[in-house]
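For reference, upload-v8.cif (mmCIF, C-alpha atoms and all ligand atoms):
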data_start
#
loop_
_atom_site.label_atom_id
_atom_site.label_comp_id
_atom_site.auth_asym_id
_atom_site.auth_seq_id
_atom_site.Cartn_x
_atom_site.Cartn_y
_atom_site.Cartn_z
CA MET A 4 17.17 69.22 36.17
CA LYS A 5 20.89 68.66 36.59
CA ASN A 6 22.87 66.06 34.69
CA ILE A 7 25.68 64.33 36.52
CA VAL A 8 28.06 62.06 34.64
CA LEU A 9 30.00 59.53 36.71
CA PHE A 10 33.05 57.54 35.57
CA ALA A 11 34.25 54.43 37.40
CA SER A 12 36.53 51.49 36.61
CA GLY A 13 35.85 49.02 39.40
CA SER A 14 33.61 48.41 42.37
CA GLY A 15 31.73 51.68 42.18
CA SER A 16 30.99 52.06 45.88
CA ASN A 17 31.45 55.83 45.54
CA VAL A 18 29.11 55.95 42.55
CA GLU A 19 26.40 54.10 44.46
CA ASN A 20 26.92 56.25 47.54
CA ILE A 21 26.70 59.51 45.55
CA ILE A 22 23.53 58.47 43.73
CA GLY A 23 21.99 57.29 47.02
CA TYR A 24 22.79 60.62 48.68
CA PHE A 25 21.03 62.62 45.97
CA LYS A 26 17.81 60.59 46.30
CA LYS A 27 16.67 63.19 48.83
CA TYR A 28 16.25 65.58 45.90
CA GLU A 29 13.91 63.15 44.13
CA THR A 30 13.57 64.20 40.49
CA LYS A 31 16.12 66.99 40.36
CA PHE A 32 19.03 64.86 39.07
CA ASN A 33 19.81 62.63 36.11
CA PHE A 34 22.78 60.32 36.52
CA PHE A 35 24.78 58.65 33.76
CA ILE A 36 27.55 56.16 34.48
CA PHE A 37 30.45 55.28 32.19
CA THR A 38 32.97 52.52 32.75
CA ASN A 39 35.96 51.34 30.73
CA ASN A 40 35.82 47.90 32.37
CA PRO A 41 33.20 45.40 31.13
CA ASN A 42 33.71 43.35 34.33
CA ALA A 43 33.38 46.26 36.75
CA TYR A 44 31.00 45.70 39.65
CA VAL A 45 29.71 49.24 39.10
CA ILE A 46 27.65 47.76 36.21
CA GLU A 47 25.70 45.58 38.70
CA ARG A 48 25.23 48.52 41.00
CA ALA A 49 23.88 50.61 38.10
CA LYS A 50 21.36 47.88 37.21
CA LYS A 51 20.23 47.65 40.82
CA MET A 52 19.73 51.43 40.98
CA ASP A 53 18.19 51.60 37.51
CA VAL A 54 20.72 54.16 36.32
CA PRO A 55 22.04 54.01 32.74
CA CYS A 56 25.57 52.60 32.53
CA PHE A 57 27.66 52.59 29.35
CA ILE A 58 30.82 50.63 28.66
CA VAL A 59 33.43 52.53 26.65
CA SER A 60 36.83 51.21 25.62
CA LYS A 61 40.11 53.00 26.28
CA ASN A 62 40.26 53.93 22.58
CA GLU A 63 36.61 54.92 22.16
CA ILE A 64 36.91 57.41 24.99
CA LYS A 65 39.55 59.37 23.05
CA GLU A 66 37.44 59.64 19.88
CA SER A 67 35.43 62.72 18.93
CA GLY A 68 32.27 60.61 18.91
CA PHE A 69 32.62 60.16 22.64
CA LEU A 70 32.86 63.91 23.23
CA ASN A 71 29.66 64.25 21.17
CA LYS A 72 27.94 61.69 23.40
CA ILE A 73 28.95 63.65 26.51
CA GLU A 74 27.79 66.90 24.89
CA GLU A 75 24.37 65.37 24.22
CA ILE A 76 24.02 64.75 27.95
CA LYS A 77 24.77 68.43 28.72
CA PRO A 78 26.55 67.62 31.97
CA ASP A 79 26.48 70.03 34.89
CA LEU A 80 29.30 68.05 36.50
CA ILE A 81 31.56 65.17 35.46
CA VAL A 82 32.77 63.09 38.39
CA LEU A 83 35.64 60.61 38.24
CA ALA A 84 34.89 58.22 41.11
CA GLY A 85 37.51 55.49 40.94
CA PHE A 86 38.23 55.99 37.23
CA LEU A 87 41.67 54.67 36.41
CA LEU A 88 42.34 55.87 32.85
CA MET A 89 43.75 59.20 31.78
CA PHE A 90 40.73 61.42 31.13
CA PRO A 91 40.53 62.84 27.57
CA ALA A 92 41.83 66.40 27.19
CA SER A 93 39.05 67.23 24.70
CA ILE A 94 36.40 66.80 27.43
CA ILE A 95 38.44 68.71 30.02
CA GLU A 96 38.83 71.61 27.57
CA LYS A 97 35.13 71.62 26.77
CA TYR A 98 34.10 71.62 30.44
CA PRO A 99 36.59 73.76 32.38
CA ASN A 100 36.11 73.36 36.14
CA LYS A 101 33.35 70.84 35.62
CA VAL A 102 35.46 67.68 35.78
CA ILE A 103 36.46 66.52 39.26
CA ASN A 104 38.29 63.48 40.62
CA ILE A 105 38.70 61.81 43.98
CA HIS A 106 42.15 60.57 44.93
CA PRO A 107 42.69 58.25 47.91
CA ALA A 108 45.61 60.17 49.44
CA LEU A 109 46.63 63.63 50.55
CA LEU A 110 47.89 65.08 47.27
CA PRO A 111 50.52 66.08 46.28
CA LYS A 112 51.69 63.03 48.25
CA TYR A 113 51.09 59.64 46.64
CA GLY A 114 49.83 60.99 43.32
CA GLY A 115 50.82 60.54 39.70
CA LYS A 116 50.90 57.71 37.20
CA GLY A 117 50.58 54.25 38.74
CA MET A 118 49.36 55.67 42.06
CA TYR A 119 45.80 54.46 42.30
CA GLY A 120 43.66 52.26 44.51
CA MET A 121 45.59 49.71 46.60
CA HIS A 122 48.96 50.86 45.20
CA VAL A 123 48.47 54.10 47.11
CA HIS A 124 47.56 52.37 50.38
CA GLU A 125 50.44 49.89 50.08
CA ALA A 126 52.90 52.78 49.61
CA VAL A 127 51.40 54.66 52.57
CA VAL A 128 51.82 51.59 54.84
CA ALA A 129 55.33 50.84 53.51
CA ASN A 130 56.37 54.40 54.38
CA LYS A 131 54.90 54.06 57.90
CA GLU A 132 52.81 57.20 57.50
CA SER A 133 50.87 58.19 60.61
CA GLU A 134 48.07 59.76 58.58
CA THR A 135 46.56 59.70 55.12
CA GLY A 136 43.37 61.03 53.58
CA ILE A 137 41.39 61.95 50.51
CA THR A 138 41.71 64.71 47.94
CA ILE A 139 38.93 65.96 45.69
CA HIS A 140 40.34 68.09 42.89
CA TYR A 141 39.65 69.52 39.46
CA VAL A 142 41.01 67.43 36.62
CA ASN A 143 43.60 68.82 34.22
CA GLU A 144 45.81 67.16 31.61
CA LYS A 145 48.22 65.78 34.22
CA TYR A 146 47.46 62.97 36.64
CA ASP A 147 46.40 64.28 40.06
CA GLU A 148 47.65 67.85 39.55
CA GLY A 149 44.48 69.93 39.17
CA ALA A 150 43.47 72.52 41.79
CA ILE A 151 42.45 70.99 45.11
CA ILE A 152 38.82 71.50 46.17
CA PHE A 153 38.73 69.51 49.42
CA GLN A 154 40.88 67.29 51.62
CA ALA A 155 40.13 65.24 54.74
CA LYS A 156 42.56 63.28 56.90
CA THR A 157 42.45 60.05 58.87
CA SER A 158 45.10 58.65 61.22
CA ILE A 159 46.77 55.30 60.65
CA ASP A 160 47.44 52.90 63.53
CA SER A 161 50.87 51.27 63.43
CA HIS A 162 49.33 47.80 62.95
CA PHE A 163 47.17 48.85 59.93
CA SER A 164 47.40 46.79 56.74
CA ALA A 165 46.86 48.34 53.30
CA ASN A 166 43.34 46.89 53.46
CA ASP A 167 42.64 48.65 56.76
CA VAL A 168 43.82 51.91 55.18
CA ALA A 169 41.58 51.28 52.15
CA ASN A 170 38.58 50.80 54.44
CA ALA A 171 39.32 54.00 56.37
CA ILE A 172 39.68 55.89 53.09
CA HIS A 173 36.40 54.54 51.70
CA LYS A 174 34.67 55.67 54.87
CA LEU A 175 36.03 59.22 54.41
CA GLU A 176 35.14 59.21 50.72
CA HIS A 177 31.57 58.09 51.37
CA GLU A 178 31.14 60.73 54.05
CA HIS A 179 32.49 63.71 52.11
CA PHE A 180 32.33 63.16 48.34
CA PRO A 181 28.54 63.61 47.91
CA LYS A 182 28.56 66.75 50.06
CA VAL A 183 31.41 68.31 48.08
CA ILE A 184 29.49 67.58 44.86
CA GLU A 185 26.35 69.09 46.40
CA ASN A 186 28.29 72.27 47.22
CA LEU A 187 29.82 72.51 43.76
CA LEU A 188 26.39 72.21 42.18
CA ASN A 189 25.20 75.13 44.25
CA ILE A 190 21.88 73.55 45.04
CA ASP A 191 19.32 75.73 46.74
C1 LIG A 201 38.53 55.04 45.56
O1 LIG A 201 39.21 54.85 46.78
C2 LIG A 201 39.14 56.20 44.78
O2 LIG A 201 39.67 57.20 45.61
C3 LIG A 201 40.24 55.51 44.02
O3 LIG A 201 39.67 54.29 43.61
C4 LIG A 201 38.74 53.86 44.63
C5 LIG A 201 37.46 53.41 43.96
O4 LIG A 201 36.60 52.82 44.88
N1 LIG A 201 40.65 56.30 42.90
C6 LIG A 201 41.89 56.36 42.46
O5 LIG A 201 42.80 55.69 42.93
C7 LIG A 201 42.13 57.32 41.29
N2 LIG A 201 43.52 57.61 41.14
P1 LIG A 201 35.08 52.48 44.48
O6 LIG A 201 35.11 51.82 43.11
O7 LIG A 201 34.62 51.54 45.55
O8 LIG A 201 34.32 53.78 44.47
#

Taking this structure as input, can you express it in the form of structure tokens?
Ligand code: GAR
Amino acid sequence: MKNIVLFASGSGSNVENIIGYFKKYETKFNFFIFTNNPNAYVIERAKKMDVPCFIVSKNEIKESGFLNKIEEIKPDLIVLAGFLLMFPASIIEKYPNKVINIHPALLPKYGGKGMYGMHVHEAVVANKESETGITIHYVNEKYDEGAIIFQAKTSIDSHFSANDVANAIHKLEHEHFPKVIENLLNID
């Protein structure tokens, strides 16, 4: 049995896609979802998939009680999939190289505080970039600066809106994120 903890703040399409991908392994995986947003659509997705989903506030997440809760789960991997808060240093320290994040750009470009979701895609379009992509990386104490595990690129047509870029990025994320997780878990 492997325990995978997923964090999301919004729609949760990556969360649903990851859990769907691992269905092929039947009973080998336990998933746990955490969100900081009581209105996040990921909560509906969790219900639909019958996966436990917990709401934690921005303050709760920093408390030692939250680290205890994570320790009880004994996670093999902690995955930030559209999680928009700073992740607590206490959990990163406890699980070195077991906390990963997906970022919707080719880091180190378009990373750092305030660079998330549509803000990234709007900046990419405003700068008339001809390509963008995704970065999956380990999480450290600084936003978007942990060691890079995987990147994939997609080209941007000159008429693309930020929404078009977001759609292209989601497609890349859905294609690659579960496979990268599968590799990290070293599944036989
Ligand atoms: C994803 O595109 C992810 O890369 C991005 O939020 C989106 C969540 O989509 N994450 C960040 O911007 C983190 N800095 P989803 O809720 O549909 O999975």

Ranking A:Gly68, A:Pro41, A:Pro91, A:Gly85 by minimum distance to A:Ser14 and counting all atoms listed in the file, which one comes first?
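Comparing A:Gly68, A:Pro41, A:Pro91, A:Gly85 against A:Ser14, the winner is A:Gly85.
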
Take the point (51.5, 55.1, 46.1) as written in the file and pick out every residue within 10 Å of it, counting only C-alpha atoms; give the list as a list of chain:residue names.
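Taken together, the residues in range are A:Pro107, A:Ala108, A:Lys112, A:Tyr113, A:Gly114, A:Gly115, A:Lys116, A:Gly117, A:Met118, A:Tyr119, A:Gly120, A:Met121, A:His122, A:Val123, A:His124, A:Glu125, A:Ala126, A:Val127, A:Val128, A:Ala129, A:Asn130.
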
Find the residue from A:Phe163, A:Phe153, A:Phe90, A:Tyr146 that sits nearest to ligand LIG 201 (chain A); use all atoms listed in the file when measuring.
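Among the listed residues, A:Tyr146 lies closest to ligand LIG 201 (chain A).
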
In Å to one decimal, how far is atom CA of A:Lys182 from atom CA of A:Leu110?
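Atom-to-atom, atom CA of A:Leu110 and atom CA of A:Lys182 are spaced 19.6 Å apart.
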
Please write out the residues within 7 Å of ligand LIG 201 (chain A) as a ChimeraX atom specification, counting only C-alpha atoms and all ligand atoms.
/A:11-18,84-87,105-107,118-120,169,172-173

Specify the axis-aligned box that encloses all atoms of stretch 62-76 of chain A listed in the file after padding of 4 Å on each side, stating its centre and edge lengths in Å to one decimal as AutoDock Vina command-line options.
--center_x 32.1 --center_y 60.4 --center_z 23.4 --size_x 24.2 --size_y 21.0 --size_z 17.0

Using all atoms listed in the file, tabulate the residues of stretch 15-108 of chain A lying at most 12 Å from any atom of stretch 187-190 of chain A, each with its closest atom pair and that distance in Å to one decimal, by chain and increasing residue number, as a Markdown table.
| residue | atom | partner | partner_atom | distance |
| --- | --- | --- | --- | --- |
| A:Phe25 | CA | A:Ile190 | CA | 11.0 |
| A:Tyr28 | CA | A:Ile190 | CA | 9.8 |
| A:Lys31 | CA | A:Ile190 | CA | 9.9 |
| A:Phe32 | CA | A:Leu188 | CA | 10.9 |
| A:Pro78 | CA | A:Leu188 | CA | 11.2 |
| A:Asp79 | CA | A:Leu188 | CA | 7.6 |
| A:Leu80 | CA | A:Leu188 | CA | 7.6 |
| A:Ile81 | CA | A:Leu188 | CA | 11.0 |
| A:Val82 | CA | A:Leu187 | CA | 11.2 |
| A:Asn100 | CA | A:Leu187 | CA | 9.9 |
| A:Lys101 | CA | A:Leu187 | CA | 9.0 |
| A:Val102 | CA | A:Leu187 | CA | 10.9 |
| A:Ile103 | CA | A:Leu187 | CA | 10.0 |

Closest contacts (stretch 32-138 of chain A/stretch 19-22 of chain A, max 9 Å, all atoms listed in the file) as CSV:
residue,atom,partner,partner_atom,distance
A:Phe34,CA,A:Ile22,CA,7.5
A:Val45,CA,A:Glu19,CA,8.0
A:Arg48,CA,A:Glu19,CA,6.7
A:Ala49,CA,A:Glu19,CA,7.7
A:Met52,CA,A:Glu19,CA,8.0

For the residues in that selection, give me C-alpha atoms as a tab-separated table (two decimals), in the frame of the given file.
chain	number	residue	atom	x	y	z
A	34	PHE	CA	22.78	60.32	36.52
A	45	VAL	CA	29.71	49.24	39.10
A	48	ARG	CA	25.23	48.52	41.00
A	49	ALA	CA	23.88	50.61	38.10
A	52	MET	CA	19.73	51.43	40.98

Figure out the distance between atom CA of A:His179 and atom CA of A:Ala150, please, to one decimal in Å.
17.5 Å

For a quick check of understanding, using all atoms listed in the file, which of A:Asp53, A:Lys97, A:Leu83, A:Lys131 has the smallest distance to A:Asp160?
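Closest residue, counting all atoms listed in the file: A:Lys131.
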
Restricting the calculation to only C-alpha atoms, which member of A:Ile184, A:Tyr24, A:Gly149, A:Asn39 is positioned closest to A:Lys65?
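Going through A:Ile184, A:Tyr24, A:Gly149, A:Asn39 one by one, the smallest distance to A:Lys65 is for A:Asn39.
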
Answer as a PyMOL selection string, residues within 7 Å of (45.2, 68.5, 53.9) using all atoms listed in the file:
chain A and resi 109+154-156

For atom CA of A:Ile64 and atom CA of A:Thr38, quote the distance in Å rounded to one decimal.
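Spanning atom CA of A:Ile64 to atom CA of A:Thr38 is a straight-line distance of 10.0 Å.
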
Nearest-residue call for A:Pro55, choices A:Phe10, A:Glu132, A:Ala171, A:Ser158, using all atoms listed in the file
A:Phe10

Only N, CA, C and O atoms, please: stretch 155-175 of chain A from the block, as a PDB file, in the first residue's frame.
ATOM      1  N   ALA A 155       8.005  19.942 -19.713  1.00  0.00           N
ATOM      2  CA  ALA A 155       7.516  19.673 -21.072  1.00  0.00           C
ATOM      3  C   ALA A 155       7.059  21.003 -21.657  1.00  0.00           C
ATOM      4  O   ALA A 155       6.569  21.875 -20.929  1.00  0.00           O
ATOM      5  N   LYS A 156       7.243  21.140 -22.978  1.00  0.00           N
ATOM      6  CA  LYS A 156       6.952  22.422 -23.635  1.00  0.00           C
ATOM      7  C   LYS A 156       5.747  22.315 -24.566  1.00  0.00           C
ATOM      8  O   LYS A 156       5.446  21.232 -25.069  1.00  0.00           O
ATOM      9  N   THR A 157       5.124  23.453 -24.815  1.00  0.00           N
ATOM     10  CA  THR A 157       4.088  23.523 -25.851  1.00  0.00           C
ATOM     11  C   THR A 157       4.247  24.872 -26.552  1.00  0.00           C
ATOM     12  O   THR A 157       4.639  25.855 -25.924  1.00  0.00           O
ATOM     13  N   SER A 158       3.958  24.906 -27.862  1.00  0.00           N
ATOM     14  CA  SER A 158       4.125  26.184 -28.569  1.00  0.00           C
ATOM     15  C   SER A 158       2.846  27.013 -28.459  1.00  0.00           C
ATOM     16  O   SER A 158       1.752  26.483 -28.260  1.00  0.00           O
ATOM     17  N   ILE A 159       3.017  28.312 -28.611  1.00  0.00           N
ATOM     18  CA  ILE A 159       1.898  29.242 -28.469  1.00  0.00           C
ATOM     19  C   ILE A 159       1.673  29.939 -29.812  1.00  0.00           C
ATOM     20  O   ILE A 159       2.589  30.593 -30.328  1.00  0.00           O
ATOM     21  N   ASP A 160       0.476  29.815 -30.367  1.00  0.00           N
ATOM     22  CA  ASP A 160       0.153  30.539 -31.602  1.00  0.00           C
ATOM     23  C   ASP A 160       0.003  32.020 -31.278  1.00  0.00           C
ATOM     24  O   ASP A 160      -0.401  32.377 -30.162  1.00  0.00           O
ATOM     25  N   SER A 161       0.278  32.858 -32.254  1.00  0.00           N
ATOM     26  CA  SER A 161       0.270  34.312 -31.989  1.00  0.00           C
ATOM     27  C   SER A 161      -1.119  34.825 -31.593  1.00  0.00           C
ATOM     28  O   SER A 161      -1.234  35.845 -30.926  1.00  0.00           O
ATOM     29  N   HIS A 162      -2.189  34.100 -31.986  1.00  0.00           N
ATOM     30  CA  HIS A 162      -3.541  34.575 -31.653  1.00  0.00           C
ATOM     31  C   HIS A 162      -4.050  34.008 -30.316  1.00  0.00           C
ATOM     32  O   HIS A 162      -5.170  34.269 -29.917  1.00  0.00           O
ATOM     33  N   PHE A 163      -3.235  33.228 -29.604  1.00  0.00           N
ATOM     34  CA  PHE A 163      -3.680  32.580 -28.356  1.00  0.00           C
ATOM     35  C   PHE A 163      -4.035  33.600 -27.264  1.00  0.00           C
ATOM     36  O   PHE A 163      -3.284  34.554 -27.022  1.00  0.00           O
ATOM     37  N   SER A 164      -5.167  33.351 -26.592  1.00  0.00           N
ATOM     38  CA  SER A 164      -5.505  34.124 -25.395  1.00  0.00           C
ATOM     39  C   SER A 164      -4.903  33.398 -24.186  1.00  0.00           C
ATOM     40  O   SER A 164      -4.444  32.252 -24.304  1.00  0.00           O
ATOM     41  N   ALA A 165      -4.972  34.050 -23.024  1.00  0.00           N
ATOM     42  CA  ALA A 165      -4.484  33.406 -21.795  1.00  0.00           C
ATOM     43  C   ALA A 165      -5.266  32.114 -21.532  1.00  0.00           C
ATOM     44  O   ALA A 165      -4.713  31.118 -21.055  1.00  0.00           O
ATOM     45  N   ASN A 166      -6.558  32.125 -21.889  1.00  0.00           N
ATOM     46  CA  ASN A 166      -7.377  30.917 -21.723  1.00  0.00           C
ATOM     47  C   ASN A 166      -6.905  29.773 -22.616  1.00  0.00           C
ATOM     48  O   ASN A 166      -6.903  28.619 -22.198  1.00  0.00           O
ATOM     49  N   ASP A 167      -6.547  30.119 -23.849  1.00  0.00           N
ATOM     50  CA  ASP A 167      -6.026  29.087 -24.770  1.00  0.00           C
ATOM     51  C   ASP A 167      -4.742  28.489 -24.202  1.00  0.00           C
ATOM     52  O   ASP A 167      -4.521  27.278 -24.264  1.00  0.00           O
ATOM     53  N   VAL A 168      -3.894  29.356 -23.639  1.00  0.00           N
ATOM     54  CA  VAL A 168      -2.640  28.863 -23.045  1.00  0.00           C
ATOM     55  C   VAL A 168      -2.965  27.951 -21.862  1.00  0.00           C
ATOM     56  O   VAL A 168      -2.393  26.860 -21.721  1.00  0.00           O
ATOM     57  N   ALA A 169      -3.926  28.375 -21.032  1.00  0.00           N
ATOM     58  CA  ALA A 169      -4.312  27.559 -19.864  1.00  0.00           C
ATOM     59  C   ALA A 169      -4.781  26.172 -20.310  1.00  0.00           C
ATOM     60  O   ALA A 169      -4.429  25.159 -19.699  1.00  0.00           O
ATOM     61  N   ASN A 170      -5.554  26.129 -21.382  1.00  0.00           N
ATOM     62  CA  ASN A 170      -6.038  24.831 -21.875  1.00  0.00           C
ATOM     63  C   ASN A 170      -4.892  23.952 -22.360  1.00  0.00           C
ATOM     64  O   ASN A 170      -4.855  22.751 -22.070  1.00  0.00           O
ATOM     65  N   ALA A 171      -3.950  24.563 -23.082  1.00  0.00           N
ATOM     66  CA  ALA A 171      -2.798  23.796 -23.581  1.00  0.00           C
ATOM     67  C   ALA A 171      -1.966  23.267 -22.411  1.00  0.00           C
ATOM     68  O   ALA A 171      -1.474  22.130 -22.436  1.00  0.00           O
ATOM     69  N   ILE A 172      -1.837  24.079 -21.383  1.00  0.00           N
ATOM     70  CA  ILE A 172      -1.054  23.688 -20.202  1.00  0.00           C
ATOM     71  C   ILE A 172      -1.747  22.545 -19.455  1.00  0.00           C
ATOM     72  O   ILE A 172      -1.116  21.562 -19.053  1.00  0.00           O
ATOM     73  N   HIS A 173      -3.062  22.659 -19.290  1.00  0.00           N
ATOM     74  CA  HIS A 173      -3.787  21.579 -18.614  1.00  0.00           C
ATOM     75  C   HIS A 173      -3.628  20.259 -19.361  1.00  0.00           C
ATOM     76  O   HIS A 173      -3.493  19.195 -18.753  1.00  0.00           O
ATOM     77  N   LYS A 174      -3.646  20.344 -20.673  1.00  0.00           N
ATOM     78  CA  LYS A 174      -3.480  19.124 -21.479  1.00  0.00           C
ATOM     79  C   LYS A 174      -2.115  18.476 -21.179  1.00  0.00           C
ATOM     80  O   LYS A 174      -2.023  17.263 -20.963  1.00  0.00           O
ATOM     81  N   LEU A 175      -1.074  19.297 -21.162  1.00  0.00           N
ATOM     82  CA  LEU A 175       0.279  18.794 -20.857  1.00  0.00           C
ATOM     83  C   LEU A 175       0.337  18.212 -19.445  1.00  0.00           C
ATOM     84  O   LEU A 175       0.944  17.172 -19.211  1.00  0.00           O
TER      85      LEU A 175
END
